[in-house]
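First comes the structure, then the notes that go with it.
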Amino acid sequence: MKRFLPTMQREINMLSARDVRSFFLAILTGALLFPQSILASGFGIFTQGASALGQANATVAHADGPSALYFNPALLTELPGTGMELGTTLIYPRRDFTSDTTGREDSTDSTLYTPSTFYLTHALNDRFSAGIGLLNPFGLGTEWNADWEGRYLATRSEIVTYMFNPAVGYRPNSWLSIGAGLNLLYLDATLEKQVKLAFVGLSDGQQKFTGDGTGVGFNLGILLKLNPKIQFGAGYRSSIKVDIDGRVNFTLPDPSLAAILPDTTAQTDINLPQQLVAGLAFFPTDNITLETGIRWEDWSSYDELHISFAQPVNGSDFSIYPKNWQATWAWNLGGKYRLNERVFLLAGYLYGEDAIGNATFEPSVPDSDSQLFCLGATLNFDRLTISLSYGYQLLEDRSKNNSYLPDVNPAVADSADYARGRYESQLHLLGVSAGYRF
């Protein structure tokens with residue numbers, strides 16, 4: 001056995017009124033205790049409000065409730081009084097893989113994810129407003145079976161983030177508002193895959209990385225009222241560097257392998273991307289709001305993953321994994337129609353680019369160009385507002401034809417280990433939120 005150990009591959013691949021108070025507390029408890037994740041481009045999350053989802057996030061140039069804090073903090077000046085909003089999005093992803101090598105078909109496990117939000121805003125006077133937000137801005141949730149073809153690349157990949165976002169808005173005159181906020185972020189990651197040991201006559205082992213870290217950033221916003229029927233809005237979020245302290249654990253079929261693949265602490269970091277959104281809102285009539293916009297995310301910040309080990313893993317103190325992701329653009333169009341004083345109908349469409357080039361595409365983040373189709377409604381009951389929206393995200397089929405299989409010696413890899421083949425993905429999203437104006 002020991003004479004084979006020097007050929008062992010390293011398997012670390014890291015890198016997502018009292019009744020009213022009681023009502024909101026129940027929603028907050030359910031929403032924030034289960035903040036799972038889902039990806040837009042890269043592993044960004046775009047579901048930050050149910051009404052915004054219904055308009056495909058075309059809510060940067062007009063205020064659509066307290067969730068405006070996330071999209072553009074300058075919009076805080078458009079919200080009267082004190083408002084609270086709680087929401088979550090039920091997301092059901094489906095990903096299928098068809099192997100080019102064997103023709104075998106595999107699918108991700110059926111898992112429901114629930115990224116959630118909480119916002120509280122207050123108009124201090126005619127010029128100043130403030131608010132806080134608690135949300136999940138980035139995340140990843142992918143689970144493949146332990147025996148699927150790409151098990152040496154990924155079996156379970158989960159990243160959950162929490163962000164606390166206090167913000168202020170200031171209106172110096174009738175046609176201009178500006179805003180700024182602080183982004184305090186916590187990230188928790190769990191990544192698992194199998195360890196190939198067949199070349200030494202053993203069944204697979206398992207490798208698991210768990211780690212967490214914090215980072216700080218900021219966001220800015222501007223709102224220009226060009227005329228009574230047209231408004232321009234833009235928002236910017238800075239990049240956030242997260243230093244991650246973690247641990248690598250191996251489950252091995254032979255205890256003697258622990259000398260080569262020991263459980264150990266590990267450190268790494270990740271630069272989450274800066275983001276820019278902009279929109280132009282039109283008000284052709286008192287009952288219709290239309291907005292079109294763009295979103296830019298600088299995923300080129302994720303160029304590589306460097307992991308340092310406290311103890312050598314397969315004879316090395318570190319591992320470097322190339323990523324070489326790229327900046328992405330998305331374009332959206334959304335609208336809101338006031339049917340009567342209580343009912344608003346919502347609709348929207350978004351097209352977004354993927355962040356991962358062909359050379360480093362792999363199944364832990366099966367990103368692809370995508371289209372998002374959205375419908376929804378908002379119901380007003382005096383001070384209480386309920387929004388419900390549905391989105392269908394269709395990702396373009398994508399083929400993996402590269403040899404990306406980090407740290408696996410090609411001499412012991414089978415052609416199927418690379419998980420080359422066609423990846424098909426789609427997501428169903430159901431967003432719900434409740435807002436109350438005090």
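Labels used: A, B, ... for chains in the order of the structure tokens, numbers from 1 for residues in each chain, and numbers from 1 for ligands as shown.
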
> Got a sec to tell me which of segment 86-257 of chain A DSSP assigns to strand (DSSP E), as a count of residues only?
Replying inline: 119

Skip Trp331 of chain A itself and residues of its chain fewer than 6 positions away, then list as a short mmCIF file (atom, residue, chain, number, x, y, z; two decimals) with N, CA and C atoms, in the first residue's frame all residues within 6 Å of it, counting only C-alpha atoms.
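Result went into selection.cif, see below:
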data_model
loop_
_atom_site.label_atom_id
_atom_site.label_comp_id
_atom_site.auth_asym_id
_atom_site.auth_seq_id
_atom_site.Cartn_x
_atom_site.Cartn_y
_atom_site.Cartn_z
N GLY A 293 -33.26 48.22 -17.60
CA GLY A 293 -31.99 48.46 -16.95
C GLY A 293 -30.93 47.43 -17.29
N ILE A 294 -29.77 47.61 -16.67
CA ILE A 294 -28.62 46.72 -16.87
C ILE A 294 -28.03 46.38 -15.50
N LEU A 350 -35.58 39.09 -17.94
CA LEU A 350 -34.15 39.36 -17.77
C LEU A 350 -33.34 38.37 -18.58
N TYR A 351 -32.30 38.86 -19.22
CA TYR A 351 -31.32 38.00 -19.89
C TYR A 351 -29.96 38.26 -19.26
#

>> Can you measure atom CA of Gly103 of chain A to atom CA of Leu191 of chain A for me? One decimal in Å is fine.
In response: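 Computing it gives 26.6 Å between the two atoms.
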
>> Excluding segment 164-179 of chain A and its own-chain neighbours fewer than 2 positions away, which residues fall within 6 Å of it when counting only C-alpha atoms? Please give them as number ranges by chain.
In response: A: 73-74, 76-77, 127-134, 181-184, 220-225

Put those residues in a file: N, CA, C and O atoms, as a CSV table (one decimal), in the first residue's frame.
chain,number,residue,atom,x,y,z
A,73,PRO,N,-29.9,52.7,-2.7
A,73,PRO,CA,-30.2,53.4,-1.4
A,73,PRO,C,-30.7,54.8,-1.5
A,73,PRO,O,-31.3,55.4,-0.6
A,74,ALA,N,-30.5,55.5,-2.7
A,74,ALA,CA,-31.0,56.8,-2.9
A,74,ALA,C,-32.6,56.8,-2.9
A,74,ALA,O,-33.2,57.8,-2.6
A,76,LEU,N,-34.4,55.5,-0.9
A,76,LEU,CA,-35.0,55.6,0.5
A,76,LEU,C,-35.7,56.9,0.7
A,76,LEU,O,-36.7,57.0,1.4
A,77,THR,N,-35.3,58.0,0.0
A,77,THR,CA,-36.0,59.3,0.1
A,77,THR,C,-37.4,59.3,-0.5
A,77,THR,O,-38.1,60.2,-0.3
A,127,ARG,N,-35.7,65.5,3.9
A,127,ARG,CA,-34.5,65.4,3.1
A,127,ARG,C,-33.7,64.1,3.5
A,127,ARG,O,-33.1,63.5,2.6
A,128,PHE,N,-33.8,63.6,4.7
A,128,PHE,CA,-33.0,62.5,5.1
A,128,PHE,C,-33.9,61.3,5.4
A,128,PHE,O,-35.0,61.4,6.0
A,129,SER,N,-33.4,60.1,5.0
A,129,SER,CA,-34.1,58.8,5.3
A,129,SER,C,-33.0,57.8,5.7
A,129,SER,O,-31.8,58.0,5.3
A,130,ALA,N,-33.4,56.8,6.4
A,130,ALA,CA,-32.4,55.7,6.8
A,130,ALA,C,-33.1,54.4,6.8
A,130,ALA,O,-34.3,54.3,6.8
A,131,GLY,N,-32.3,53.3,6.8
A,131,GLY,CA,-32.8,52.0,6.8
A,131,GLY,C,-31.8,50.9,7.1
A,131,GLY,O,-30.6,51.2,7.0
A,132,ILE,N,-32.3,49.7,7.3
A,132,ILE,CA,-31.4,48.6,7.5
A,132,ILE,C,-31.9,47.4,6.7
A,132,ILE,O,-33.1,47.3,6.5
A,133,GLY,N,-31.0,46.6,6.2
A,133,GLY,CA,-31.4,45.4,5.5
A,133,GLY,C,-30.6,44.2,6.0
A,133,GLY,O,-29.5,44.3,6.4
A,134,LEU,N,-31.3,43.0,6.0
A,134,LEU,CA,-30.6,41.8,6.3
A,134,LEU,C,-31.0,40.8,5.2
A,134,LEU,O,-32.2,40.6,5.0
A,181,GLY,N,-24.4,53.1,1.9
A,181,GLY,CA,-24.6,52.1,2.9
A,181,GLY,C,-23.4,51.4,3.2
A,181,GLY,O,-22.4,51.4,2.4
A,182,LEU,N,-23.4,50.6,4.3
A,182,LEU,CA,-22.3,49.8,4.7
A,182,LEU,C,-22.7,48.3,4.6
A,182,LEU,O,-23.8,48.0,5.0
A,183,ASN,N,-21.8,47.5,4.0
A,183,ASN,CA,-22.1,46.1,3.8
A,183,ASN,C,-21.2,45.2,4.7
A,183,ASN,O,-20.0,45.1,4.5
A,184,LEU,N,-21.8,44.6,5.7
A,184,LEU,CA,-21.1,43.7,6.7
A,184,LEU,C,-21.5,42.3,6.3
A,184,LEU,O,-22.7,42.0,6.5
A,220,LEU,N,-23.5,52.5,-2.9
A,220,LEU,CA,-23.8,53.9,-3.2
A,220,LEU,C,-25.0,53.9,-4.2
A,220,LEU,O,-25.3,52.9,-4.9
A,221,GLY,N,-25.8,55.0,-4.2
A,221,GLY,CA,-26.9,55.1,-5.2
A,221,GLY,C,-27.2,56.5,-5.5
A,221,GLY,O,-26.8,57.5,-4.8
A,222,ILE,N,-27.8,56.7,-6.7
A,222,ILE,CA,-28.3,58.0,-7.1
A,222,ILE,C,-29.6,57.9,-7.8
A,222,ILE,O,-29.9,56.9,-8.5
A,223,LEU,N,-30.4,58.9,-7.7
A,223,LEU,CA,-31.7,59.0,-8.4
A,223,LEU,C,-31.9,60.4,-9.0
A,223,LEU,O,-31.7,61.4,-8.3
A,224,LEU,N,-32.1,60.4,-10.3
A,224,LEU,CA,-32.3,61.7,-11.0
A,224,LEU,C,-33.8,61.7,-11.5
A,224,LEU,O,-34.1,60.8,-12.3
A,225,LYS,N,-34.5,62.7,-11.2
A,225,LYS,CA,-35.9,62.9,-11.7
A,225,LYS,C,-35.7,63.9,-12.9
A,225,LYS,O,-35.7,65.1,-12.8

>> Quick one: residues within 7 Å of Phe381 of chain A, only C-alpha atoms, excluding same-chain residues fewer than 3 positions away - as a list in words?
In response: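 Counting only C-alpha atoms, the residues come to Arg342, Leu384 and Thr385 of chain A.
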
Can you spit out the residues from that selection as a tab-separated table (two decimals), in the first residue's frame, using all heavy atoms?
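Below is the file that was written, selection39.tsv:
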chain	number	residue	atom	x	y	z
A	342	ARG	N	-56.24	48.44	-4.83
A	342	ARG	CA	-55.69	47.34	-4.04
A	342	ARG	C	-54.76	46.42	-4.81
A	342	ARG	O	-53.89	45.79	-4.21
A	342	ARG	CB	-56.83	46.49	-3.44
A	342	ARG	CG	-57.62	47.19	-2.35
A	342	ARG	CD	-58.45	46.18	-1.58
A	342	ARG	NE	-59.23	46.80	-0.53
A	342	ARG	CZ	-58.78	47.06	0.69
A	342	ARG	NH1	-57.53	46.73	0.99
A	342	ARG	NH2	-59.55	47.62	1.60
A	384	LEU	N	-50.97	47.22	5.28
A	384	LEU	CA	-50.33	45.95	4.98
A	384	LEU	C	-50.26	45.73	3.48
A	384	LEU	O	-51.25	45.93	2.76
A	384	LEU	CB	-51.08	44.80	5.66
A	384	LEU	CG	-50.53	43.39	5.43
A	384	LEU	CD1	-49.16	43.24	6.09
A	384	LEU	CD2	-51.52	42.35	5.98
A	385	THR	N	-49.09	45.28	3.00
A	385	THR	CA	-48.89	44.98	1.58
A	385	THR	C	-48.35	43.57	1.44
A	385	THR	O	-47.37	43.21	2.11
A	385	THR	CB	-47.91	45.97	0.94
A	385	THR	OG1	-48.44	47.30	1.05
A	385	THR	CG2	-47.68	45.64	-0.53

> Using only C-alpha atoms, which residue out of A:Asn219, A:Gln274, A:Thr268, A:Ser107 lies closest to Ser239 of chain A?
Replying inline: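 Nearest candidate to Ser239 of chain A out of A:Asn219, A:Gln274, A:Thr268, A:Ser107: A:Gln274.
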
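Ranking A:Thr88, A:Gln206, A:Thr59, A:Thr360 by their shortest atom-to-atom distance to Tyr321 of chain A, with only C-alpha atoms included, puts A:Thr360 first.
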
> Can you tell me how far atom CA of Gln275 of chain A sits from atom CA of Leu375 of chain A, in Å to one decimal?
Replying inline: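 Answer for the atom CA of Gln275 of chain A to atom CA of Leu375 of chain A separation: 25.2 Å.
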
Expected answer as a CSV table (one decimal) with N, CA, C and O atoms, in the first residue's frame: helix (DSSP H, G or I) residues in segment 18-262 of chain A:
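Wrote it out as result_1.csv, contents follow:
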chain,number,residue,atom,x,y,z
A,18,ARG,N,-49.5,44.6,18.2
A,18,ARG,CA,-48.9,43.4,18.7
A,18,ARG,C,-49.2,42.3,17.7
A,18,ARG,O,-48.3,41.5,17.5
A,19,ASP,N,-50.4,42.2,17.1
A,19,ASP,CA,-50.7,41.2,16.1
A,19,ASP,C,-49.8,41.3,14.9
A,19,ASP,O,-49.3,40.4,14.4
A,20,VAL,N,-49.6,42.6,14.5
A,20,VAL,CA,-48.7,42.8,13.4
A,20,VAL,C,-47.2,42.4,13.8
A,20,VAL,O,-46.5,41.8,13.0
A,21,ARG,N,-46.8,42.8,15.0
A,21,ARG,CA,-45.5,42.4,15.4
A,21,ARG,C,-45.3,40.9,15.5
A,21,ARG,O,-44.3,40.4,15.1
A,22,SER,N,-46.3,40.2,16.0
A,22,SER,CA,-46.3,38.8,16.0
A,22,SER,C,-46.2,38.2,14.6
A,22,SER,O,-45.5,37.2,14.4
A,23,PHE,N,-47.0,38.7,13.7
A,23,PHE,CA,-47.0,38.3,12.3
A,23,PHE,C,-45.7,38.4,11.7
A,23,PHE,O,-45.1,37.4,11.1
A,24,PHE,N,-45.0,39.5,11.8
A,24,PHE,CA,-43.7,39.7,11.2
A,24,PHE,C,-42.7,38.9,11.9
A,24,PHE,O,-41.8,38.4,11.3
A,25,LEU,N,-42.8,38.7,13.2
A,25,LEU,CA,-41.8,37.9,13.9
A,25,LEU,C,-41.8,36.5,13.4
A,25,LEU,O,-40.8,35.8,13.3
A,26,ALA,N,-43.0,36.0,13.2
A,26,ALA,CA,-43.2,34.6,12.7
A,26,ALA,C,-42.5,34.5,11.3
A,26,ALA,O,-41.8,33.5,11.0
A,27,ILE,N,-42.8,35.4,10.4
A,27,ILE,CA,-42.1,35.4,9.1
A,27,ILE,C,-40.6,35.5,9.2
A,27,ILE,O,-39.9,34.8,8.6
A,28,LEU,N,-40.2,36.4,10.1
A,28,LEU,CA,-38.7,36.6,10.2
A,28,LEU,C,-38.0,35.4,10.7
A,28,LEU,O,-37.0,35.0,10.2
A,29,THR,N,-38.6,34.7,11.7
A,29,THR,CA,-38.0,33.5,12.2
A,29,THR,C,-37.9,32.4,11.2
A,29,THR,O,-36.9,31.8,11.0
A,30,GLY,N,-39.0,32.2,10.4
A,30,GLY,CA,-39.0,31.2,9.4
A,30,GLY,C,-38.1,31.5,8.2
A,30,GLY,O,-37.4,30.6,7.7
A,31,ALA,N,-38.0,32.8,7.9
A,31,ALA,CA,-37.2,33.2,6.7
A,31,ALA,C,-35.7,33.1,7.0
A,31,ALA,O,-34.9,32.6,6.2
A,32,LEU,N,-35.3,33.6,8.2
A,32,LEU,CA,-33.9,33.8,8.4
A,32,LEU,C,-33.2,32.6,9.0
A,32,LEU,O,-32.0,32.5,9.1
A,50,ALA,N,-40.0,40.2,-3.3
A,50,ALA,CA,-41.0,39.6,-4.1
A,50,ALA,C,-41.5,40.5,-5.2
A,50,ALA,O,-41.7,40.0,-6.4
A,51,SER,N,-41.8,41.7,-4.9
A,51,SER,CA,-42.3,42.6,-5.9
A,51,SER,C,-41.2,42.9,-7.0
A,51,SER,O,-41.5,42.9,-8.2
A,52,ALA,N,-39.9,43.0,-6.6
A,52,ALA,CA,-38.8,43.2,-7.5
A,52,ALA,C,-38.7,42.0,-8.4
A,52,ALA,O,-38.4,42.1,-9.6
A,53,LEU,N,-38.8,40.8,-7.8
A,53,LEU,CA,-38.8,39.5,-8.6
A,53,LEU,C,-39.8,39.6,-9.7
A,53,LEU,O,-39.6,39.2,-10.9
A,54,GLY,N,-41.0,40.0,-9.4
A,54,GLY,CA,-42.1,40.0,-10.4
A,54,GLY,C,-41.8,41.0,-11.5
A,54,GLY,O,-42.4,40.8,-12.6
A,68,ALA,N,-36.2,48.6,-1.8
A,68,ALA,CA,-35.4,49.6,-2.6
A,68,ALA,C,-34.0,49.9,-1.9
A,68,ALA,O,-33.1,50.2,-2.6
A,69,LEU,N,-33.9,49.6,-0.6
A,69,LEU,CA,-32.6,49.8,0.0
A,69,LEU,C,-31.5,49.0,-0.6
A,69,LEU,O,-30.4,49.4,-0.7
A,70,TYR,N,-31.9,47.8,-1.1
A,70,TYR,CA,-30.9,46.9,-1.7
A,70,TYR,C,-30.5,47.4,-3.1
A,70,TYR,O,-29.3,47.4,-3.5
A,71,PHE,N,-31.5,47.7,-3.9
A,71,PHE,CA,-31.3,48.0,-5.3
A,71,PHE,C,-30.6,49.4,-5.5
A,71,PHE,O,-29.8,49.6,-6.4
A,73,PRO,N,-29.9,52.7,-2.7
A,73,PRO,CA,-30.2,53.4,-1.4
A,73,PRO,C,-30.7,54.8,-1.5
A,73,PRO,O,-31.3,55.4,-0.6
A,74,ALA,N,-30.5,55.5,-2.7
A,74,ALA,CA,-31.0,56.8,-2.9
A,74,ALA,C,-32.6,56.8,-2.9
A,74,ALA,O,-33.2,57.8,-2.6
A,75,LEU,N,-33.2,55.6,-3.3
A,75,LEU,CA,-34.6,55.5,-3.3
A,75,LEU,C,-35.2,55.6,-1.9
A,75,LEU,O,-36.5,55.7,-1.8
A,76,LEU,N,-34.4,55.5,-0.9
A,76,LEU,CA,-35.0,55.6,0.5
A,76,LEU,C,-35.7,56.9,0.7
A,76,LEU,O,-36.7,57.0,1.4
A,77,THR,N,-35.3,58.0,0.0
A,77,THR,CA,-36.0,59.3,0.1
A,77,THR,C,-37.4,59.3,-0.5
A,77,THR,O,-38.1,60.2,-0.3
A,78,GLU,N,-37.7,58.2,-1.3
A,78,GLU,CA,-39.0,58.2,-1.9
A,78,GLU,C,-40.0,57.4,-1.0
A,78,GLU,O,-41.2,57.3,-1.4
A,198,ALA,N,-9.2,4.1,-6.4
A,198,ALA,CA,-9.3,2.8,-7.1
A,198,ALA,C,-7.9,2.4,-7.6
A,198,ALA,O,-7.6,1.2,-7.7
A,199,PHE,N,-7.0,3.3,-7.9
A,199,PHE,CA,-5.7,3.0,-8.4
A,199,PHE,C,-4.8,2.3,-7.4
A,199,PHE,O,-3.7,1.8,-7.7
A,200,VAL,N,-5.2,2.3,-6.1
A,200,VAL,CA,-4.5,1.6,-5.1
A,200,VAL,C,-5.4,0.4,-4.5
A,200,VAL,O,-5.1,-0.1,-3.5
A,255,PRO,N,-7.0,3.4,7.3
A,255,PRO,CA,-6.5,4.5,8.2
A,255,PRO,C,-5.1,4.9,7.9
A,255,PRO,O,-4.7,6.0,8.2
A,256,SER,N,-4.3,4.0,7.2
A,256,SER,CA,-2.9,4.4,6.9
A,256,SER,C,-2.8,5.6,5.9
A,256,SER,O,-1.8,6.2,5.9
A,257,LEU,N,-3.9,5.8,5.2
A,257,LEU,CA,-3.9,6.9,4.3
A,257,LEU,C,-3.9,8.3,4.9
A,257,LEU,O,-3.5,9.3,4.3
A,258,ALA,N,-4.2,8.3,6.2
A,258,ALA,CA,-4.3,9.6,7.0
A,258,ALA,C,-2.9,10.2,7.1
A,258,ALA,O,-2.8,11.4,7.3
A,259,ALA,N,-1.8,9.5,6.9
A,259,ALA,CA,-0.5,10.1,6.9
A,259,ALA,C,-0.3,11.0,5.7
A,259,ALA,O,0.5,11.9,5.7

> Taking only C-alpha atoms into account, which of A:Ile244, A:Gly42, A:Pro137, A:Gly335 comes nearest Asp369 of chain A?
Replying inline: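 Of all the options, A:Gly42 lies closest to Asp369 of chain A.
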
> Separation of atom CA of Ser99 of chain A and atom CA of Glu304 of chain A, in Å?
Replying inline: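 For atom CA of Ser99 of chain A relative to atom CA of Glu304 of chain A, the distance reads 27.0 Å.
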
>> From the options A:Thr328, A:Ser67, A:Ser238, A:Gln207, which residue's atoms come nearest to Leu135 of chain A, counting only C-alpha atoms?
In response: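 Nearest to Leu135 of chain A: A:Ser67.
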
>> Would you pick out the contacts of Glu149 of chain A at 7 Å or less, using only C-alpha atoms, so that residues sharing its chain but fewer than 6 positions from it are not included, and give the list as an MDAnalysis selection string?
In response: chainID A and resid 416:417 419

> For Thr98 of chain A, which of A:Lys400, A:His428, A:Pro406, A:Met163 is the closest residue, counting only C-alpha atoms?
Replying inline: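 Looking only at the distances to Thr98 of chain A, the closest residue turns out to be A:Lys400.
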